[in-house]
Structure formats: structure tokens, C-alpha cells
Amino acid sequence: MTNAGIVASYPVSVTDEFGNTRKTHITGERPLTIYIDKQEIVTLMTLGKFPELLVMGYLHNQGFIKTVAEIKAVQVDWDIESATVVTTNGSDNWDEKLKKRTVTSGCGQGTVFGNIMEDLENINLTKPSLVQSSFYRLLHNIRLYNDVYKKSGAVHGCALCRGENIEIFIEDVGRHNATDAIAGHMLLEGIDGEDKSFYTTGRLTSEMVIKVAQMGISVLFSRAGITQMGFELSKKLGVTTIARAGGKHFLVYNGADTLIFDAKPPGKTAT
């Protein structure tokens, strides 16, 4: 078994609510495709600290293996972002297990990319223009929502916004479910994403950036943080990403040039 853990955070430059540029760290996120006896099973998004343990735990929890004795070797190669598993008895009888796949609503399950990365080359987003004072009012308006969370917790909320207004707010047990529901609403109602922004209570992962880009939305913001791959994809796709947004505080990870700083909090000036 390899021991191919990688660093969990990476330094980046951000722009804060004062217009200052400073250094911070973002969480790592890497795709890891699992192959069992040369058969592709799934692609997981992971921090990458303990990839071999992740692979074995995933296979066990999904019912592919019952004991460690069923695994002959686990080899992780980050150059090709893959984990190769060799079993002791082969996986010829796994066809039935792979026919029916249920995607859970949890946020740590990961994702299967398929050809989605190739499709992203065709996305051309309109460069937005954000006014800081208006953004603060939008953050205030969002706090009036989160109905289910206020009652019972254990949910994520997402919002489609236009200017300072919330067009639709949806809560679900997973942020990806809530995002997909809003995408369905936009599709059903013929809503264009060009002049919209998107809010999520969850992390700005690669999948969140991909989804809003597919919806034609060029601004994504959250009260939570951003992952390394979410950061890289936001630069590639031209999505303005704002994290740690709450009250008068926020950090712009990509697209600081799209903000007009007209309401800097007192106490600091841009350097």
C-alpha cells in the first residue's frame, strides 16, 4: 500500500472588505478516481491527506468489500489522480453492484465527472459588476431566510439572487440538492443567469463552481470557505468567488476587480 497523502492547504492572495490584499490559505481538493482490478468505479473529491484509507473505507461502506483480506494492494498516484485497487479474488462478479448507484445527499460523497470537464470549455460568462454597499444589503436580506435551519438545523440553504433581492431560496439536506433544485427552477421558468448571483451556506467546492457556471451565473458567495479546486476553477471559468461572507466581512478569492469598494468598514485603509 502506498502512503501518498498530500498537503491539506495552500497559500493564496485574497482581497478583503477594506480592499486590502493579504495572504491566507485554502483547503485542498483533488479528484481521485478509484479503479478496482482495472475497472473504473467512481471519482471522489478529497482533501487527499489519507487517500488509501479513503479508498478502503469507501469500498467497505459501499458494500464492495467486507474485510481487508479481500484487498491485495492499493496504489495511489496523484500524477494521474487515480487509486488502483487489486483484489485477492477479482471483481468479475461486481456488475450487479455497479448497475444501481444511488447518489447520496451528503456533502462528502464526492462526484463522478464523466465528460463534464470538457463541456466547461464552452462556457462564457459575463463579467459582473458588484457594489460593496449593495452586497452588504444582500447579505442582510439573506439572513431573513433559512427557515428550516432555524427550526431544526441539519440543512444547507442556497439562493438565486438578483441585485439585493432573493429570487428563490431553497433548503435541503445537501447544498448540491438545493443547487440542483434552483437550476431546475431556472430551467422551468426560462430564467437566465447572466445578471444573477448565487449564495450557498456550504463550501465553495469545484462542484459548486461548476454548477453555477453551467447555470450562467458569474458570482458565487458563501459564509463558508473555498477549496483549492474551487479556487482554480473559478479563475478558469471567470466566476467571482466570495467566501467567509457575513456581517461586514468577506474575502474575495477571485474577481476582486469586479467589486466597487464604496462601503469599506472603518478602521483600515487599502494598502
# chains A, B, ... in the order shown; residues from 1 in each chain; ligands from 1
$ select_by_dssp --residues "stretch 17-246 of chain A" --states "alpha helix (DSSP H)" --output "PyMOL selection string"
chain A and resi 51-61+95-99+116-119+132-142+147-152+175-189+206-214+228-237
$ write_last_selection --atoms "C-alpha atoms" --output "PDB file, in the first residue's frame"
ATOM      1  CA  PRO A  51      -6.214   8.611   0.216  1.00  0.00           C
ATOM      2  CA  GLU A  52      -5.566   4.898   0.807  1.00  0.00           C
ATOM      3  CA  LEU A  53      -7.780   4.903   3.900  1.00  0.00           C
ATOM      4  CA  LEU A  54     -10.447   6.819   1.978  1.00  0.00           C
ATOM      5  CA  VAL A  55     -10.447   4.214  -0.792  1.00  0.00           C
ATOM      6  CA  MET A  56     -10.691   1.253   1.546  1.00  0.00           C
ATOM      7  CA  GLY A  57     -13.357   2.903   3.683  1.00  0.00           C
ATOM      8  CA  TYR A  58     -15.392   3.873   0.629  1.00  0.00           C
ATOM      9  CA  LEU A  59     -15.291   0.322  -0.761  1.00  0.00           C
ATOM     10  CA  HIS A  60     -16.301  -1.098   2.606  1.00  0.00           C
ATOM     11  CA  ASN A  61     -19.134   1.375   3.211  1.00  0.00           C
ATOM     12  CA  ASP A  95     -21.501  -5.977 -12.396  1.00  0.00           C
ATOM     13  CA  GLU A  96     -24.728  -6.232 -10.408  1.00  0.00           C
ATOM     14  CA  LYS A  97     -23.330  -3.999  -7.679  1.00  0.00           C
ATOM     15  CA  LEU A  98     -22.426  -1.327 -10.223  1.00  0.00           C
ATOM     16  CA  LYS A  99     -25.737  -1.359 -12.112  1.00  0.00           C
ATOM     17  CA  ILE A 116     -18.230  17.412 -17.655  1.00  0.00           C
ATOM     18  CA  MET A 117     -14.766  18.992 -17.645  1.00  0.00           C
ATOM     19  CA  GLU A 118     -14.700  19.008 -21.439  1.00  0.00           C
ATOM     20  CA  ASP A 119     -18.111  20.717 -21.553  1.00  0.00           C
ATOM     21  CA  GLN A 132     -19.959  46.692  -1.887  1.00  0.00           C
ATOM     22  CA  SER A 133     -22.826  48.569  -0.204  1.00  0.00           C
ATOM     23  CA  SER A 134     -25.379  46.643  -2.272  1.00  0.00           C
ATOM     24  CA  PHE A 135     -23.646  43.371  -1.451  1.00  0.00           C
ATOM     25  CA  TYR A 136     -23.906  44.148   2.264  1.00  0.00           C
ATOM     26  CA  ARG A 137     -27.656  44.708   1.899  1.00  0.00           C
ATOM     27  CA  LEU A 138     -27.959  41.403   0.066  1.00  0.00           C
ATOM     28  CA  LEU A 139     -26.172  39.613   2.927  1.00  0.00           C
ATOM     29  CA  HIS A 140     -28.636  41.218   5.344  1.00  0.00           C
ATOM     30  CA  ASN A 141     -31.614  40.078   3.263  1.00  0.00           C
ATOM     31  CA  ILE A 142     -30.327  36.508   3.138  1.00  0.00           C
ATOM     32  CA  ASP A 147     -36.450  28.744   7.807  1.00  0.00           C
ATOM     33  CA  VAL A 148     -35.786  25.020   8.229  1.00  0.00           C
ATOM     34  CA  TYR A 149     -32.318  25.629   9.654  1.00  0.00           C
ATOM     35  CA  LYS A 150     -33.730  27.975  12.288  1.00  0.00           C
ATOM     36  CA  LYS A 151     -36.264  25.331  13.343  1.00  0.00           C
ATOM     37  CA  SER A 152     -34.275  22.117  13.233  1.00  0.00           C
ATOM     38  CA  ARG A 175     -26.152  22.001  -0.772  1.00  0.00           C
ATOM     39  CA  HIS A 176     -25.904  20.179  -4.105  1.00  0.00           C
ATOM     40  CA  ASN A 177     -29.556  19.126  -3.849  1.00  0.00           C
ATOM     41  CA  ALA A 178     -30.567  22.728  -3.156  1.00  0.00           C
ATOM     42  CA  THR A 179     -28.418  23.951  -6.063  1.00  0.00           C
ATOM     43  CA  ASP A 180     -29.916  21.415  -8.458  1.00  0.00           C
ATOM     44  CA  ALA A 181     -33.433  22.416  -7.385  1.00  0.00           C
ATOM     45  CA  ILE A 182     -32.697  26.056  -8.187  1.00  0.00           C
ATOM     46  CA  ALA A 183     -31.231  25.024 -11.546  1.00  0.00           C
ATOM     47  CA  GLY A 184     -34.465  23.145 -12.218  1.00  0.00           C
ATOM     48  CA  HIS A 185     -36.481  26.240 -11.308  1.00  0.00           C
ATOM     49  CA  MET A 186     -34.424  28.345 -13.702  1.00  0.00           C
ATOM     50  CA  LEU A 187     -34.880  25.787 -16.458  1.00  0.00           C
ATOM     51  CA  LEU A 188     -38.632  25.506 -15.890  1.00  0.00           C
ATOM     52  CA  GLU A 189     -39.195  29.268 -15.733  1.00  0.00           C
ATOM     53  CA  SER A 206     -15.216  22.583  -7.510  1.00  0.00           C
ATOM     54  CA  GLU A 207     -18.674  21.109  -7.964  1.00  0.00           C
ATOM     55  CA  MET A 208     -20.366  24.289  -6.718  1.00  0.00           C
ATOM     56  CA  VAL A 209     -18.297  26.440  -9.089  1.00  0.00           C
ATOM     57  CA  ILE A 210     -19.055  24.099 -11.986  1.00  0.00           C
ATOM     58  CA  LYS A 211     -22.783  24.111 -11.281  1.00  0.00           C
ATOM     59  CA  VAL A 212     -23.179  27.888 -11.098  1.00  0.00           C
ATOM     60  CA  ALA A 213     -21.081  28.290 -14.244  1.00  0.00           C
ATOM     61  CA  GLN A 214     -23.355  25.830 -16.032  1.00  0.00           C
ATOM     62  CA  GLN A 228      -8.259  24.649  -3.825  1.00  0.00           C
ATOM     63  CA  MET A 229     -10.010  23.193  -6.873  1.00  0.00           C
ATOM     64  CA  GLY A 230     -12.965  25.520  -6.425  1.00  0.00           C
ATOM     65  CA  PHE A 231     -10.491  28.403  -6.448  1.00  0.00           C
ATOM     66  CA  GLU A 232      -8.677  27.156  -9.558  1.00  0.00           C
ATOM     67  CA  LEU A 233     -11.900  26.532 -11.473  1.00  0.00           C
ATOM     68  CA  SER A 234     -13.311  29.935 -10.543  1.00  0.00           C
ATOM     69  CA  LYS A 235     -10.246  31.525 -12.161  1.00  0.00           C
ATOM     70  CA  LYS A 236     -10.529  29.294 -15.210  1.00  0.00           C
ATOM     71  CA  LEU A 237     -14.249  29.916 -15.704  1.00  0.00           C
TER      72      LEU A 237
END
$ residues_around --residues "A:Val239" --least-positions-apart "6" --cutoff "7 Å" --atoms "only C-alpha atoms" --output "list in words"
Ser218, Val219 and Leu220 of chain A
$ closest_atom_pairs --of "stretch 59-90 of chain A" --to "stretch 30-40 of chain A" --cutoff "6 Å" --atoms "only C-alpha atoms" --output "tab-separated table"
residue	atom	partner	partner_atom	distance
A:Glu81	CA	A:Leu32	CA	5.0
A:Ser82	CA	A:Thr33	CA	4.6
A:Ala83	CA	A:Ile34	CA	4.8
A:Thr84	CA	A:Tyr35	CA	4.9
A:Val85	CA	A:Ile36	CA	4.7
A:Val86	CA	A:Asp37	CA	5.1
$ atom_distance --atom1 "atom CA of A:Ser197" --atom2 "atom CA of A:Glu121"
21.0 Å
$ select_by_dssp --residues "stretch 171-211 of chain A" --states "strand (DSSP E)" --output "list in words"
Glu171, Asp172, Ser197, Phe198, Tyr199 and Thr200 of chain A
$ write_last_selection --atoms "N, CA and C atoms" --output "PDB file, in the first residue's frame"
ATOM      1  N   GLU A 171     -33.875  25.178   0.711  1.00  0.00           N
ATOM      2  CA  GLU A 171     -33.105  24.428   1.692  1.00  0.00           C
ATOM      3  C   GLU A 171     -33.232  22.934   1.421  1.00  0.00           C
ATOM      4  N   ASP A 172     -32.168  22.191   1.694  1.00  0.00           N
ATOM      5  CA  ASP A 172     -32.179  20.745   1.542  1.00  0.00           C
ATOM      6  C   ASP A 172     -31.096  20.179   2.455  1.00  0.00           C
ATOM      7  N   SER A 197     -26.612  36.349  -9.025  1.00  0.00           N
ATOM      8  CA  SER A 197     -25.555  35.832  -8.162  1.00  0.00           C
ATOM      9  C   SER A 197     -26.123  34.641  -7.405  1.00  0.00           C
ATOM     10  N   PHE A 198     -25.236  33.828  -6.849  1.00  0.00           N
ATOM     11  CA  PHE A 198     -25.685  32.592  -6.198  1.00  0.00           C
ATOM     12  C   PHE A 198     -25.055  32.493  -4.823  1.00  0.00           C
ATOM     13  N   TYR A 199     -25.911  32.193  -3.835  1.00  0.00           N
ATOM     14  CA  TYR A 199     -25.454  32.053  -2.451  1.00  0.00           C
ATOM     15  C   TYR A 199     -25.606  30.622  -1.980  1.00  0.00           C
ATOM     16  N   THR A 200     -24.641  30.144  -1.221  1.00  0.00           N
ATOM     17  CA  THR A 200     -24.746  28.834  -0.583  1.00  0.00           C
ATOM     18  C   THR A 200     -24.197  28.909   0.826  1.00  0.00           C
TER      19      THR A 200
END
$ atom_distance --atom1 "atom CA of A:Thr67" --atom2 "atom CA of A:Gly48"
23.1 Å
$ closest_residue --among "A:Thr227, A:Ser222, A:Asn254, A:Thr46" --to "A:Thr205" --atoms "only C-alpha atoms"
A:Thr227
$ residues_around --residues "A:Arg223" --least-positions-apart "5" --cutoff "7 Å" --atoms "only C-alpha atoms" --output "list in words"
Thr201, Ala243, Arg244, Ala245 and Gly246 of chain A
$ closest_residue --among "A:Ile6, A:Ile217, A:Ile123, A:Leu144" --to "A:Cys161" --atoms "only C-alpha atoms"
A:Ile217
$ closest_residue --among "A:Ala256, A:Leu44, A:Ile166, A:Val155" --to "A:Lys127" --atoms "only C-alpha atoms"
A:Ala256
$ closest_residue --among "A:Ile168, A:Val131, A:Leu204, A:Met215" --to "A:Phe261" --atoms "only C-alpha atoms"
A:Val131
